[in-house]
>>> print(open('start-v5.pdb').read())   # PDB, C-alpha atoms and all ligand atoms
ATOM      1  CA  MET Z1133       0.000   0.000   0.000  1.00  0.00           C
ATOM      2  CA  THR Z1134       1.384   3.420  -0.901  1.00  0.00           C
ATOM      3  CA  MET Z1135       0.336   6.276   1.347  1.00  0.00           C
ATOM      4  CA  ARG Z1136      -0.246   9.588  -0.453  1.00  0.00           C
ATOM      5  CA  LEU Z1137       0.578  12.667   1.634  1.00  0.00           C
ATOM      6  CA  ASP Z1138      -0.462  16.169   0.498  1.00  0.00           C
ATOM      7  CA  TYR Z1139       0.568  19.394   2.229  1.00  0.00           C
ATOM      8  CA  LEU Z1140      -1.291  22.674   1.701  1.00  0.00           C
ATOM      9  CA  SER Z1141       0.619  25.719   2.977  1.00  0.00           C
ATOM     10  CA  ILE Z1142       1.787  29.243   2.089  1.00  0.00           C
ATOM     11  CA  PHE Z1143       5.297  27.905   2.866  1.00  0.00           C
ATOM     12  CA  PRO Z1144       5.445  24.654   0.825  1.00  0.00           C
ATOM     13  CA  GLY Z1145       9.253  24.780   1.023  1.00  0.00           C
ATOM     14  CA  TYR Z1146       8.980  23.476   4.608  1.00  0.00           C
ATOM     15  CA  PHE Z1147       8.275  20.064   3.097  1.00  0.00           C
ATOM     16  CA  ASP Z1148      11.418  19.830   0.928  1.00  0.00           C
ATOM     17  CA  VAL Z1149      12.958  18.185   4.003  1.00  0.00           C
ATOM     18  CA  LEU Z1150      10.788  15.113   3.372  1.00  0.00           C
ATOM     19  CA  ASP Z1151      13.170  14.155   0.549  1.00  0.00           C
ATOM     20  CA  ILE Z1152      15.928  13.548   3.128  1.00  0.00           C
ATOM     21  CA  SER Z1153      16.774  10.540   5.337  1.00  0.00           C
ATOM     22  CA  LEU Z1154      14.374   7.747   6.178  1.00  0.00           C
ATOM     23  CA  LEU Z1155      11.382   9.588   4.773  1.00  0.00           C
ATOM     24  CA  GLY Z1156      13.310  10.092   1.555  1.00  0.00           C
ATOM     25  CA  LYS Z1157      13.951   6.361   1.477  1.00  0.00           C
ATOM     26  CA  ALA Z1158      10.248   5.669   2.008  1.00  0.00           C
ATOM     27  CA  VAL Z1159       9.528   7.876  -0.995  1.00  0.00           C
ATOM     28  CA  ASP Z1160      12.211   6.094  -3.062  1.00  0.00           C
ATOM     29  CA  ASN Z1161      10.857   2.650  -2.235  1.00  0.00           C
ATOM     30  CA  GLY Z1162       7.308   3.676  -3.035  1.00  0.00           C
ATOM     31  CA  LEU Z1163       5.935   3.417   0.496  1.00  0.00           C
ATOM     32  CA  VAL Z1164       4.845   7.040   0.482  1.00  0.00           C
ATOM     33  CA  GLU Z1165       4.147   9.681  -2.162  1.00  0.00           C
ATOM     34  CA  VAL Z1166       4.565  13.320  -1.090  1.00  0.00           C
ATOM     35  CA  HIS Z1167       3.013  16.422  -2.734  1.00  0.00           C
ATOM     36  CA  ALA Z1168       3.445  19.954  -1.322  1.00  0.00           C
ATOM     37  CA  HIS Z1169       1.190  22.723  -2.644  1.00  0.00           C
ATOM     38  CA  ASP Z1170       1.352  26.517  -2.359  1.00  0.00           C
ATOM     39  CA  LEU Z1171      -2.059  27.800  -1.209  1.00  0.00           C
ATOM     40  CA  ARG Z1172      -1.400  31.050  -3.079  1.00  0.00           C
ATOM     41  CA  ASP Z1173      -1.696  29.106  -6.364  1.00  0.00           C
ATOM     42  CA  TRP Z1174      -5.461  29.211  -5.714  1.00  0.00           C
ATOM     43  CA  THR Z1175      -5.681  32.986  -5.316  1.00  0.00           C
ATOM     44  CA  HIS Z1176      -6.620  35.296  -8.214  1.00  0.00           C
ATOM     45  CA  ASP Z1177      -5.608  38.791  -7.135  1.00  0.00           C
ATOM     46  CA  ARG Z1178      -2.344  40.523  -7.937  1.00  0.00           C
ATOM     47  CA  HIS Z1179      -1.131  40.254  -4.331  1.00  0.00           C
ATOM     48  CA  ARG Z1180      -2.155  36.578  -4.038  1.00  0.00           C
ATOM     49  CA  THR Z1181      -4.053  37.424  -0.845  1.00  0.00           C
ATOM     50  CA  VAL Z1182      -4.805  34.585   1.576  1.00  0.00           C
ATOM     51  CA  ASP Z1183      -5.762  36.532   4.704  1.00  0.00           C
ATOM     52  CA  ASP Z1184      -8.157  39.208   5.930  1.00  0.00           C
ATOM     53  CA  THR Z1185      -9.177  40.898   9.181  1.00  0.00           C
ATOM     54  CA  PRO Z1186     -11.271  38.863  11.673  1.00  0.00           C
ATOM     55  CA  CYS Z1187     -15.064  39.397  11.616  1.00  0.00           C
ATOM     56  CA  GLY Z1188     -16.062  40.667  15.048  1.00  0.00           C
ATOM     57  CA  GLY Z1189     -12.692  42.356  15.494  1.00  0.00           C
ATOM     58  CA  GLY Z1190      -9.646  41.114  17.395  1.00  0.00           C
ATOM     59  CA  ALA Z1191      -5.902  41.015  16.794  1.00  0.00           C
ATOM     60  CA  GLY Z1192      -4.158  39.476  13.797  1.00  0.00           C
ATOM     61  CA  MET Z1193      -5.477  38.110  10.518  1.00  0.00           C
ATOM     62  CA  VAL Z1194      -7.575  35.112   9.535  1.00  0.00           C
ATOM     63  CA  MET Z1195      -7.012  32.907   6.465  1.00  0.00           C
ATOM     64  CA  LYS Z1196      -9.743  33.456   3.859  1.00  0.00           C
ATOM     65  CA  PRO Z1197     -11.898  30.404   3.006  1.00  0.00           C
ATOM     66  CA  ASP Z1198     -11.918  30.847  -0.791  1.00  0.00           C
ATOM     67  CA  PRO Z1199      -8.334  29.728  -1.586  1.00  0.00           C
ATOM     68  CA  TRP Z1200      -8.738  26.668   0.674  1.00  0.00           C
ATOM     69  CA  GLY Z1201     -11.972  25.631  -1.023  1.00  0.00           C
ATOM     70  CA  GLU Z1202     -10.484  25.955  -4.494  1.00  0.00           C
ATOM     71  CA  ALA Z1203      -7.349  24.098  -3.414  1.00  0.00           C
ATOM     72  CA  PHE Z1204      -9.507  21.275  -2.002  1.00  0.00           C
ATOM     73  CA  ASP Z1205     -11.426  21.070  -5.296  1.00  0.00           C
ATOM     74  CA  GLY Z1206      -8.161  20.849  -7.237  1.00  0.00           C
ATOM     75  CA  ILE Z1207      -6.180  18.555  -4.938  1.00  0.00           C
ATOM     76  CA  ILE Z1208      -8.786  16.230  -3.421  1.00  0.00           C
ATOM     77  CA  GLY Z1209     -11.917  16.652  -5.531  1.00  0.00           C
ATOM     78  CA  ILE Z1210     -15.545  17.731  -5.222  1.00  0.00           C
ATOM     79  CA  GLU Z1211     -17.038  14.361  -4.268  1.00  0.00           C
ATOM     80  CA  PRO Z1212     -17.211  13.290  -0.587  1.00  0.00           C
ATOM     81  CA  ASP Z1213     -14.738  10.538   0.278  1.00  0.00           C
ATOM     82  CA  PRO Z1214     -14.429   9.513   3.959  1.00  0.00           C
ATOM     83  CA  SER Z1215     -11.319   7.447   3.131  1.00  0.00           C
ATOM     84  CA  VAL Z1216      -9.412  10.733   2.759  1.00  0.00           C
ATOM     85  CA  HIS Z1217      -8.112  11.971   6.118  1.00  0.00           C
ATOM     86  CA  VAL Z1218      -7.692  15.763   6.343  1.00  0.00           C
ATOM     87  CA  ILE Z1219      -5.553  17.021   9.224  1.00  0.00           C
ATOM     88  CA  PHE Z1220      -5.679  20.592  10.548  1.00  0.00           C
ATOM     89  CA  PRO Z1221      -2.890  21.143  13.075  1.00  0.00           C
ATOM     90  CA  THR Z1222      -4.211  23.700  15.590  1.00  0.00           C
ATOM     91  CA  PRO Z1223      -3.531  24.798  19.175  1.00  0.00           C
ATOM     92  CA  SER Z1224      -7.190  24.038  19.900  1.00  0.00           C
ATOM     93  CA  GLY Z1225      -7.015  20.481  18.557  1.00  0.00           C
ATOM     94  CA  ILE Z1226      -7.168  17.174  20.387  1.00  0.00           C
ATOM     95  CA  PRO Z1227      -3.725  16.046  21.591  1.00  0.00           C
ATOM     96  CA  PHE Z1228      -1.895  13.995  18.949  1.00  0.00           C
ATOM     97  CA  THR Z1229      -0.875  10.642  20.452  1.00  0.00           C
ATOM     98  CA  GLN Z1230       0.915   7.464  19.448  1.00  0.00           C
ATOM     99  CA  SER Z1231      -2.424   5.688  19.093  1.00  0.00           C
ATOM    100  CA  ALA Z1232      -3.547   8.363  16.607  1.00  0.00           C
ATOM    101  CA  ALA Z1233      -0.259   7.833  14.720  1.00  0.00           C
ATOM    102  CA  GLN Z1234      -0.930   4.088  14.753  1.00  0.00           C
ATOM    103  CA  GLU Z1235      -4.418   4.582  13.270  1.00  0.00           C
ATOM    104  CA  LEU Z1236      -3.235   7.076  10.635  1.00  0.00           C
ATOM    105  CA  SER Z1237      -0.428   4.711   9.533  1.00  0.00           C
ATOM    106  CA  THR Z1238      -3.058   2.437   7.944  1.00  0.00           C
ATOM    107  CA  VAL Z1239      -4.715   5.227   5.910  1.00  0.00           C
ATOM    108  CA  GLU Z1240      -4.108   5.514   2.139  1.00  0.00           C
ATOM    109  CA  ARG Z1241      -4.454   9.273   1.816  1.00  0.00           C
ATOM    110  CA  VAL Z1242      -3.726  12.129   4.216  1.00  0.00           C
ATOM    111  CA  VAL Z1243      -3.987  15.865   3.450  1.00  0.00           C
ATOM    112  CA  PHE Z1244      -2.319  18.312   5.863  1.00  0.00           C
ATOM    113  CA  CYS Z1245      -3.859  21.821   5.949  1.00  0.00           C
ATOM    114  CA  CYS Z1246      -1.225  24.096   7.442  1.00  0.00           C
ATOM    115  CA  GLY Z1247      -2.645  27.357   8.700  1.00  0.00           C
ATOM    116  CA  ARG Z1248      -0.781  30.552   9.507  1.00  0.00           C
ATOM    117  CA  TYR Z1249      -1.732  33.953  11.012  1.00  0.00           C
ATOM    118  CA  GLU Z1250      -4.336  33.419  13.773  1.00  0.00           C
ATOM    119  CA  GLY Z1251      -5.815  30.426  11.965  1.00  0.00           C
ATOM    120  CA  ILE Z1252      -8.195  29.437   9.172  1.00  0.00           C
ATOM    121  CA  ASP Z1253     -11.822  30.607   8.643  1.00  0.00           C
ATOM    122  CA  HIS Z1254     -13.845  28.000  10.544  1.00  0.00           C
ATOM    123  CA  ARG Z1255     -16.116  27.307   7.564  1.00  0.00           C
ATOM    124  CA  VAL Z1256     -13.145  25.613   5.851  1.00  0.00           C
ATOM    125  CA  ILE Z1257     -13.032  22.995   8.618  1.00  0.00           C
ATOM    126  CA  ASP Z1258     -16.828  22.684   8.659  1.00  0.00           C
ATOM    127  CA  TYR Z1259     -16.829  22.162   4.876  1.00  0.00           C
ATOM    128  CA  ALA Z1260     -14.036  19.589   5.095  1.00  0.00           C
ATOM    129  CA  ARG Z1261     -16.034  17.662   7.706  1.00  0.00           C
ATOM    130  CA  THR Z1262     -18.910  17.299   5.204  1.00  0.00           C
ATOM    131  CA  MET Z1263     -16.515  15.756   2.669  1.00  0.00           C
ATOM    132  CA  TRP Z1264     -13.693  13.812   4.345  1.00  0.00           C
ATOM    133  CA  THR Z1265     -12.565  12.453   7.695  1.00  0.00           C
ATOM    134  CA  VAL Z1266     -11.193  15.475   9.554  1.00  0.00           C
ATOM    135  CA  HIS Z1267      -8.744  15.583  12.473  1.00  0.00           C
ATOM    136  CA  GLU Z1268      -8.000  18.839  14.320  1.00  0.00           C
ATOM    137  CA  LEU Z1269      -4.779  17.953  16.140  1.00  0.00           C
ATOM    138  CA  SER Z1270      -2.573  19.716  18.682  1.00  0.00           C
ATOM    139  CA  LEU Z1271       1.074  18.741  19.167  1.00  0.00           C
ATOM    140  CA  GLY Z1272       1.061  19.950  22.731  1.00  0.00           C
ATOM    141  CA  ASP Z1273       0.409  22.901  24.986  1.00  0.00           C
ATOM    142  CA  TYR Z1274       2.782  25.347  23.346  1.00  0.00           C
ATOM    143  CA  VAL Z1275       2.211  27.798  20.507  1.00  0.00           C
ATOM    144  CA  LEU Z1276       3.791  27.529  17.066  1.00  0.00           C
ATOM    145  CA  ASN Z1277       3.503  30.133  14.300  1.00  0.00           C
ATOM    146  CA  GLY Z1278       1.760  27.791  11.913  1.00  0.00           C
ATOM    147  CA  GLY Z1279       0.853  24.205  11.136  1.00  0.00           C
ATOM    148  CA  GLU Z1280       3.914  23.228   9.055  1.00  0.00           C
ATOM    149  CA  VAL Z1281       6.192  22.021  11.872  1.00  0.00           C
ATOM    150  CA  ALA Z1282       3.274  20.119  13.424  1.00  0.00           C
ATOM    151  CA  ALA Z1283       2.544  18.504  10.038  1.00  0.00           C
ATOM    152  CA  LEU Z1284       6.183  17.366   9.790  1.00  0.00           C
ATOM    153  CA  ALA Z1285       6.107  15.896  13.306  1.00  0.00           C
ATOM    154  CA  ILE Z1286       2.845  14.071  12.681  1.00  0.00           C
ATOM    155  CA  THR Z1287       4.212  12.821   9.334  1.00  0.00           C
ATOM    156  CA  GLU Z1288       7.324  11.349  10.954  1.00  0.00           C
ATOM    157  CA  ALA Z1289       5.339   9.683  13.756  1.00  0.00           C
ATOM    158  CA  VAL Z1290       2.905   8.140  11.230  1.00  0.00           C
ATOM    159  CA  VAL Z1291       5.211   7.119   8.369  1.00  0.00           C
ATOM    160  CA  ARG Z1292       7.675   5.284  10.636  1.00  0.00           C
ATOM    161  CA  LEU Z1293       4.818   2.950  11.604  1.00  0.00           C
ATOM    162  CA  ILE Z1294       3.990   1.940   8.022  1.00  0.00           C
ATOM    163  CA  PRO Z1295       4.862  -1.766   7.646  1.00  0.00           C
ATOM    164  CA  GLY Z1296       8.144  -2.062   5.706  1.00  0.00           C
ATOM    165  CA  PHE Z1297       9.311   1.424   6.562  1.00  0.00           C
ATOM    166  CA  MET Z1298      11.576   0.706   9.536  1.00  0.00           C
ATOM    167  CA  GLY Z1299      14.418  -1.793   9.026  1.00  0.00           C
ATOM    168  CA  ASN Z1300      13.737  -3.632  12.289  1.00  0.00           C
ATOM    169  CA  PRO Z1301       9.983  -3.533  13.089  1.00  0.00           C
ATOM    170  CA  GLU Z1302      10.651  -5.411  16.369  1.00  0.00           C
ATOM    171  CA  SER Z1303      12.189  -2.207  17.769  1.00  0.00           C
ATOM    172  CA  LEU Z1304       8.865  -0.436  17.144  1.00  0.00           C
ATOM    173  CA  ALA Z1305       6.995  -2.973  19.248  1.00  0.00           C
ATOM    174  CA  GLU Z1306       9.370  -2.395  22.196  1.00  0.00           C
ATOM    175  CA  GLU Z1307       9.101   1.401  22.175  1.00  0.00           C
ATOM    176  CA  SER Z1308       7.372   3.128  25.031  1.00  0.00           C
ATOM    177  CA  PHE Z1309       3.958   4.441  23.907  1.00  0.00           C
ATOM    178  CA  SER Z1310       3.647   1.426  21.559  1.00  0.00           C
ATOM    179  CA  PRO Z1311       0.408  -0.507  21.976  1.00  0.00           C
ATOM    180  CA  GLY Z1312       0.580  -3.225  24.607  1.00  0.00           C
ATOM    181  CA  GLN Z1313       3.639  -1.624  26.214  1.00  0.00           C
ATOM    182  CA  GLU Z1314       3.298  -0.473  29.800  1.00  0.00           C
ATOM    183  CA  ARG Z1315       3.434   3.331  29.558  1.00  0.00           C
ATOM    184  CA  LEU Z1316       6.955   3.796  30.940  1.00  0.00           C
ATOM    185  CA  LEU Z1317       9.747   6.125  29.843  1.00  0.00           C
ATOM    186  CA  GLU Z1318      12.793   4.603  28.147  1.00  0.00           C
ATOM    187  CA  TYR Z1319      15.657   3.528  30.494  1.00  0.00           C
ATOM    188  CA  PRO Z1320      19.118   5.174  30.038  1.00  0.00           C
ATOM    189  CA  LEU Z1321      21.095   3.832  27.061  1.00  0.00           C
ATOM    190  CA  PHE Z1322      24.847   3.173  26.827  1.00  0.00           C
ATOM    191  CA  THR Z1323      27.311   1.950  24.205  1.00  0.00           C
ATOM    192  CA  ARG Z1324      31.148   1.693  23.893  1.00  0.00           C
ATOM    193  CA  PRO Z1325      33.584   2.919  25.152  1.00  0.00           C
ATOM    194  CA  VAL Z1326      32.818   1.365  28.557  1.00  0.00           C
ATOM    195  CA  SER Z1327      34.747   4.195  30.252  1.00  0.00           C
ATOM    196  CA  TRP Z1328      34.372   7.735  28.938  1.00  0.00           C
ATOM    197  CA  ARG Z1329      35.626  10.930  30.620  1.00  0.00           C
ATOM    198  CA  GLY Z1330      35.744   9.158  33.974  1.00  0.00           C
ATOM    199  CA  MET Z1331      32.219   7.764  33.646  1.00  0.00           C
ATOM    200  CA  ASP Z1332      31.640   4.008  33.309  1.00  0.00           C
ATOM    201  CA  VAL Z1333      28.759   2.041  31.810  1.00  0.00           C
ATOM    202  CA  PRO Z1334      26.741   0.520  34.717  1.00  0.00           C
ATOM    203  CA  GLU Z1335      28.395  -2.834  35.532  1.00  0.00           C
ATOM    204  CA  VAL Z1336      25.153  -4.797  35.337  1.00  0.00           C
ATOM    205  CA  LEU Z1337      24.914  -3.988  31.605  1.00  0.00           C
ATOM    206  CA  MET Z1338      28.328  -5.587  31.026  1.00  0.00           C
ATOM    207  CA  SER Z1339      27.492  -8.653  33.154  1.00  0.00           C
ATOM    208  CA  GLY Z1340      25.841 -10.663  30.389  1.00  0.00           C
ATOM    209  CA  HIS Z1341      23.212 -11.589  32.995  1.00  0.00           C
ATOM    210  CA  HIS Z1342      20.018 -10.922  31.011  1.00  0.00           C
ATOM    211  CA  GLY Z1343      17.697 -11.316  33.990  1.00  0.00           C
ATOM    212  CA  ARG Z1344      19.555  -8.747  36.040  1.00  0.00           C
ATOM    213  CA  ILE Z1345      19.830  -6.412  33.029  1.00  0.00           C
ATOM    214  CA  ALA Z1346      16.065  -6.575  32.437  1.00  0.00           C
ATOM    215  CA  GLU Z1347      15.477  -5.921  36.113  1.00  0.00           C
ATOM    216  CA  TRP Z1348      17.853  -2.918  36.152  1.00  0.00           C
ATOM    217  CA  ARG Z1349      16.225  -1.457  33.025  1.00  0.00           C
ATOM    218  CA  ARG Z1350      12.715  -1.834  34.420  1.00  0.00           C
ATOM    219  CA  GLU Z1351      13.720  -0.193  37.685  1.00  0.00           C
ATOM    220  CA  GLU Z1352      15.332   2.706  35.842  1.00  0.00           C
ATOM    221  CA  SER Z1353      12.205   3.144  33.690  1.00  0.00           C
ATOM    222  CA  LEU Z1354       9.963   3.128  36.754  1.00  0.00           C
ATOM    223  CA  LEU Z1355      12.140   5.707  38.566  1.00  0.00           C
ATOM    224  CA  LEU Z1356      12.321   7.961  35.511  1.00  0.00           C
ATOM    225  CA  THR Z1357       8.585   7.729  34.839  1.00  0.00           C
ATOM    226  CA  ARG Z1358       7.669   8.396  38.477  1.00  0.00           C
ATOM    227  CA  ASP Z1359       9.994  11.415  38.503  1.00  0.00           C
ATOM    228  CA  ARG Z1360       9.182  12.976  35.112  1.00  0.00           C
ATOM    229  CA  ARG Z1361       5.786  11.662  34.050  1.00  0.00           C
ATOM    230  CA  PRO Z1362       3.688  10.673  37.095  1.00  0.00           C
ATOM    231  CA  ASP Z1363       0.671  11.221  34.819  1.00  0.00           C
ATOM    232  CA  LEU Z1364       1.624   8.049  32.912  1.00  0.00           C
ATOM    233  CA  THR Z1365       1.531   5.931  36.050  1.00  0.00           C
ATOM    234  CA  ASP Z1366      -2.171   6.612  36.773  1.00  0.00           C
TER     235      ASP Z1366
HETATM  236  C1  LIG Z1401      -3.426  31.044  20.672  1.00  0.00           C
HETATM  237  O1  LIG Z1401      -3.973  31.120  19.371  1.00  0.00           O
HETATM  238  C2  LIG Z1401      -3.111  30.905  18.346  1.00  0.00           C
HETATM  239  C3  LIG Z1401      -3.642  30.487  17.149  1.00  0.00           C
HETATM  240  C4  LIG Z1401      -2.798  30.273  16.044  1.00  0.00           C
HETATM  241  C5  LIG Z1401      -1.438  30.507  16.168  1.00  0.00           C
HETATM  242  C6  LIG Z1401      -0.518  30.293  14.998  1.00  0.00           C
HETATM  243  N1  LIG Z1401      -0.996  29.184  14.165  1.00  0.00           N
HETATM  244  C7  LIG Z1401      -1.611  29.364  12.959  1.00  0.00           C
HETATM  245  C8  LIG Z1401      -1.929  28.117  12.451  1.00  0.00           C
HETATM  246  C9  LIG Z1401      -1.484  27.146  13.378  1.00  0.00           C
HETATM  247  C10 LIG Z1401      -1.518  25.741  13.408  1.00  0.00           C
HETATM  248  C11 LIG Z1401      -1.036  25.072  14.510  1.00  0.00           C
HETATM  249  C12 LIG Z1401      -0.502  25.799  15.595  1.00  0.00           C
HETATM  250  C13 LIG Z1401      -0.056  25.081  16.812  1.00  0.00           C
HETATM  251  C14 LIG Z1401      -0.275  23.762  17.131  1.00  0.00           C
HETATM  252  C15 LIG Z1401       0.283  23.572  18.402  1.00  0.00           C
HETATM  253  N2  LIG Z1401       0.305  22.419  19.145  1.00  0.00           N
HETATM  254  N3  LIG Z1401       0.800  24.730  18.794  1.00  0.00           N
HETATM  255  N4  LIG Z1401       0.588  25.681  17.833  1.00  0.00           N
HETATM  256  C16 LIG Z1401      -0.414  27.197  15.565  1.00  0.00           C
HETATM  257  C17 LIG Z1401      -0.913  27.855  14.454  1.00  0.00           C
HETATM  258  C18 LIG Z1401      -0.907  30.905  17.376  1.00  0.00           C
HETATM  259  C19 LIG Z1401      -1.744  31.109  18.482  1.00  0.00           C
END
>>> encode(input="start-v5.pdb", output="structure tokens")
Amino acid sequence: MTMRLDYLSIFPGYFDVLDISLLGKAVDNGLVEVHAHDLRDWTHDRHRTVDDTPCGGGAGMVMKPDPWGEAFDGIIGIEPDPSVHVIFPTPSGIPFTQSAAQELSTVERVVFCCGRYEGIDHRVIDYARTMWTVHELSLGDYVLNGGEVAALAITEAVVRLIPGFMGNPESLAEESFSPGQERLLEYPLFTRPVSWRGMDVPEVLMSGHHGRIAEWRREESLLLTRDRRPDLTD
């Protein structure tokens, strides 16, 4: 199955990075197909205007609905199709989680709508909901300047879960936040040299005693989780 990813933005250059590294490899081996689009290509005025002042007043500018609607018509089509998943990154979205990434990794087509300014005219989202499966997603409780960085983060989290993408799928199953895993933070990792700047790898990890190593790792994960993410231990 090839996943098609479309990105709608006034800064389509953000997505050139998808040609690099693992994602680039996924594109090369046909696992994913990536298309970035400049929203301004669907404007008709000399200044290629995409924004206007907010109705009801308030600070900043709002993205006009017309270019989005015409871009949807051109990129996705005018017929409803619930198999198309349209993602609007937004500070007011539901938190994006590993389980959402897991679900999206089985989808054949995803369209990212990357807003800027104070956001997109709400009728764009309402229209999209009548046509496709829509997700309004937040990356976390901090404010970005637009949806592009969020779209890249969501892309990486989703594409790495596509079967055949990662060299060793077993490592995916072991990751914290993977389904079936207890929600614990990753234990500290070490590799050679055993002694580095006066600091040694914990002896237990060099013991070859797999039972003790597993026990040490679990204890470290529990301590770390209790200290940094008590919310995960509920
Ligand atoms: C507080 O209200 C604001 C409203 C919009 C903005 C700028 N902006 C415009 C589009 C857009 C898309 C996503 C995000 C975003 C997502 C997360 N998790 N943080 N920030 C930010 C975005 C700033 C603040």
>>> resolve_selection(input="start-v5.pdb", expression="the PyMOL selection byres (((not hetatm)) within 10 of (chain Z and resi 1401))", output="PyMOL selection string")
chain Z and resi 1192-1195+1220-1228+1245-1252+1268-1283
>>> write_last_selection(input="start-v5.pdb", atoms="C-alpha atoms", output="PDB file, in the coordinates of the input")
ATOM      1  CA  GLY Z1192      -4.158  39.476  13.797  1.00  0.00           C
ATOM      2  CA  MET Z1193      -5.477  38.110  10.518  1.00  0.00           C
ATOM      3  CA  VAL Z1194      -7.575  35.112   9.535  1.00  0.00           C
ATOM      4  CA  MET Z1195      -7.012  32.907   6.465  1.00  0.00           C
ATOM      5  CA  PHE Z1220      -5.679  20.592  10.548  1.00  0.00           C
ATOM      6  CA  PRO Z1221      -2.890  21.143  13.075  1.00  0.00           C
ATOM      7  CA  THR Z1222      -4.211  23.700  15.590  1.00  0.00           C
ATOM      8  CA  PRO Z1223      -3.531  24.798  19.175  1.00  0.00           C
ATOM      9  CA  SER Z1224      -7.190  24.038  19.900  1.00  0.00           C
ATOM     10  CA  GLY Z1225      -7.015  20.481  18.557  1.00  0.00           C
ATOM     11  CA  ILE Z1226      -7.168  17.174  20.387  1.00  0.00           C
ATOM     12  CA  PRO Z1227      -3.725  16.046  21.591  1.00  0.00           C
ATOM     13  CA  PHE Z1228      -1.895  13.995  18.949  1.00  0.00           C
ATOM     14  CA  CYS Z1245      -3.859  21.821   5.949  1.00  0.00           C
ATOM     15  CA  CYS Z1246      -1.225  24.096   7.442  1.00  0.00           C
ATOM     16  CA  GLY Z1247      -2.645  27.357   8.700  1.00  0.00           C
ATOM     17  CA  ARG Z1248      -0.781  30.552   9.507  1.00  0.00           C
ATOM     18  CA  TYR Z1249      -1.732  33.953  11.012  1.00  0.00           C
ATOM     19  CA  GLU Z1250      -4.336  33.419  13.773  1.00  0.00           C
ATOM     20  CA  GLY Z1251      -5.815  30.426  11.965  1.00  0.00           C
ATOM     21  CA  ILE Z1252      -8.195  29.437   9.172  1.00  0.00           C
ATOM     22  CA  GLU Z1268      -8.000  18.839  14.320  1.00  0.00           C
ATOM     23  CA  LEU Z1269      -4.779  17.953  16.140  1.00  0.00           C
ATOM     24  CA  SER Z1270      -2.573  19.716  18.682  1.00  0.00           C
ATOM     25  CA  LEU Z1271       1.074  18.741  19.167  1.00  0.00           C
ATOM     26  CA  GLY Z1272       1.061  19.950  22.731  1.00  0.00           C
ATOM     27  CA  ASP Z1273       0.409  22.901  24.986  1.00  0.00           C
ATOM     28  CA  TYR Z1274       2.782  25.347  23.346  1.00  0.00           C
ATOM     29  CA  VAL Z1275       2.211  27.798  20.507  1.00  0.00           C
ATOM     30  CA  LEU Z1276       3.791  27.529  17.066  1.00  0.00           C
ATOM     31  CA  ASN Z1277       3.503  30.133  14.300  1.00  0.00           C
ATOM     32  CA  GLY Z1278       1.760  27.791  11.913  1.00  0.00           C
ATOM     33  CA  GLY Z1279       0.853  24.205  11.136  1.00  0.00           C
ATOM     34  CA  GLU Z1280       3.914  23.228   9.055  1.00  0.00           C
ATOM     35  CA  VAL Z1281       6.192  22.021  11.872  1.00  0.00           C
ATOM     36  CA  ALA Z1282       3.274  20.119  13.424  1.00  0.00           C
ATOM     37  CA  ALA Z1283       2.544  18.504  10.038  1.00  0.00           C
TER      38      ALA Z1283
END
>>> residues_near_point(input="start-v5.pdb", point="(11.0, 5.9, -1.5)", cutoff="12 Å", atoms="all atoms listed in the file", output="short mmCIF file (atom, residue, chain, number, x, y, z; two decimals) with C-alpha atoms, in the coordinates of the input")
data_model
loop_
_atom_site.label_atom_id
_atom_site.label_comp_id
_atom_site.auth_asym_id
_atom_site.auth_seq_id
_atom_site.Cartn_x
_atom_site.Cartn_y
_atom_site.Cartn_z
CA THR Z 1134 1.38 3.42 -0.90
CA MET Z 1135 0.34 6.28 1.35
CA ARG Z 1136 -0.25 9.59 -0.45
CA LEU Z 1150 10.79 15.11 3.37
CA ASP Z 1151 13.17 14.16 0.55
CA ILE Z 1152 15.93 13.55 3.13
CA SER Z 1153 16.77 10.54 5.34
CA LEU Z 1154 14.37 7.75 6.18
CA LEU Z 1155 11.38 9.59 4.77
CA GLY Z 1156 13.31 10.09 1.56
CA LYS Z 1157 13.95 6.36 1.48
CA ALA Z 1158 10.25 5.67 2.01
CA VAL Z 1159 9.53 7.88 -1.00
CA ASP Z 1160 12.21 6.09 -3.06
CA ASN Z 1161 10.86 2.65 -2.24
CA GLY Z 1162 7.31 3.68 -3.04
CA LEU Z 1163 5.94 3.42 0.50
CA VAL Z 1164 4.84 7.04 0.48
CA GLU Z 1165 4.15 9.68 -2.16
CA VAL Z 1166 4.57 13.32 -1.09
CA VAL Z 1291 5.21 7.12 8.37
CA GLY Z 1296 8.14 -2.06 5.71
CA PHE Z 1297 9.31 1.42 6.56
#
>>> atom_distance(input="start-v5.pdb", atom1="CA of Gly1340 in chain Z", atom2="CA of Pro1325 in chain Z")
16.5 Å
>>> resolve_selection(input="start-v5.pdb", expression="the PyMOL selection byres (((chain Z and resi 1232) around 10) and not hetatm)", output="list of chain:residue names")
Z:Pro1227, Z:Phe1228, Z:Thr1229, Z:Gln1230, Z:Ser1231, Z:Ala1233, Z:Gln1234, Z:Glu1235, Z:Leu1236, Z:Ser1237, Z:His1267, Z:Leu1269, Z:Ile1286, Z:Ala1289, Z:Val1290
>>> resolve_selection(input="start-v5.pdb", expression="the PyMOL selection byres (((chain Z and resi 1143) around 10) and not hetatm)", output="list in words")
Tyr1139, Leu1140, Ser1141, Ile1142, Pro1144, Gly1145, Tyr1146, Phe1147, Ala1168, His1169, Asp1170, Leu1171, Arg1172, Cys1246, Gly1247, Arg1248, Gly1278 and Glu1280 of chain Z
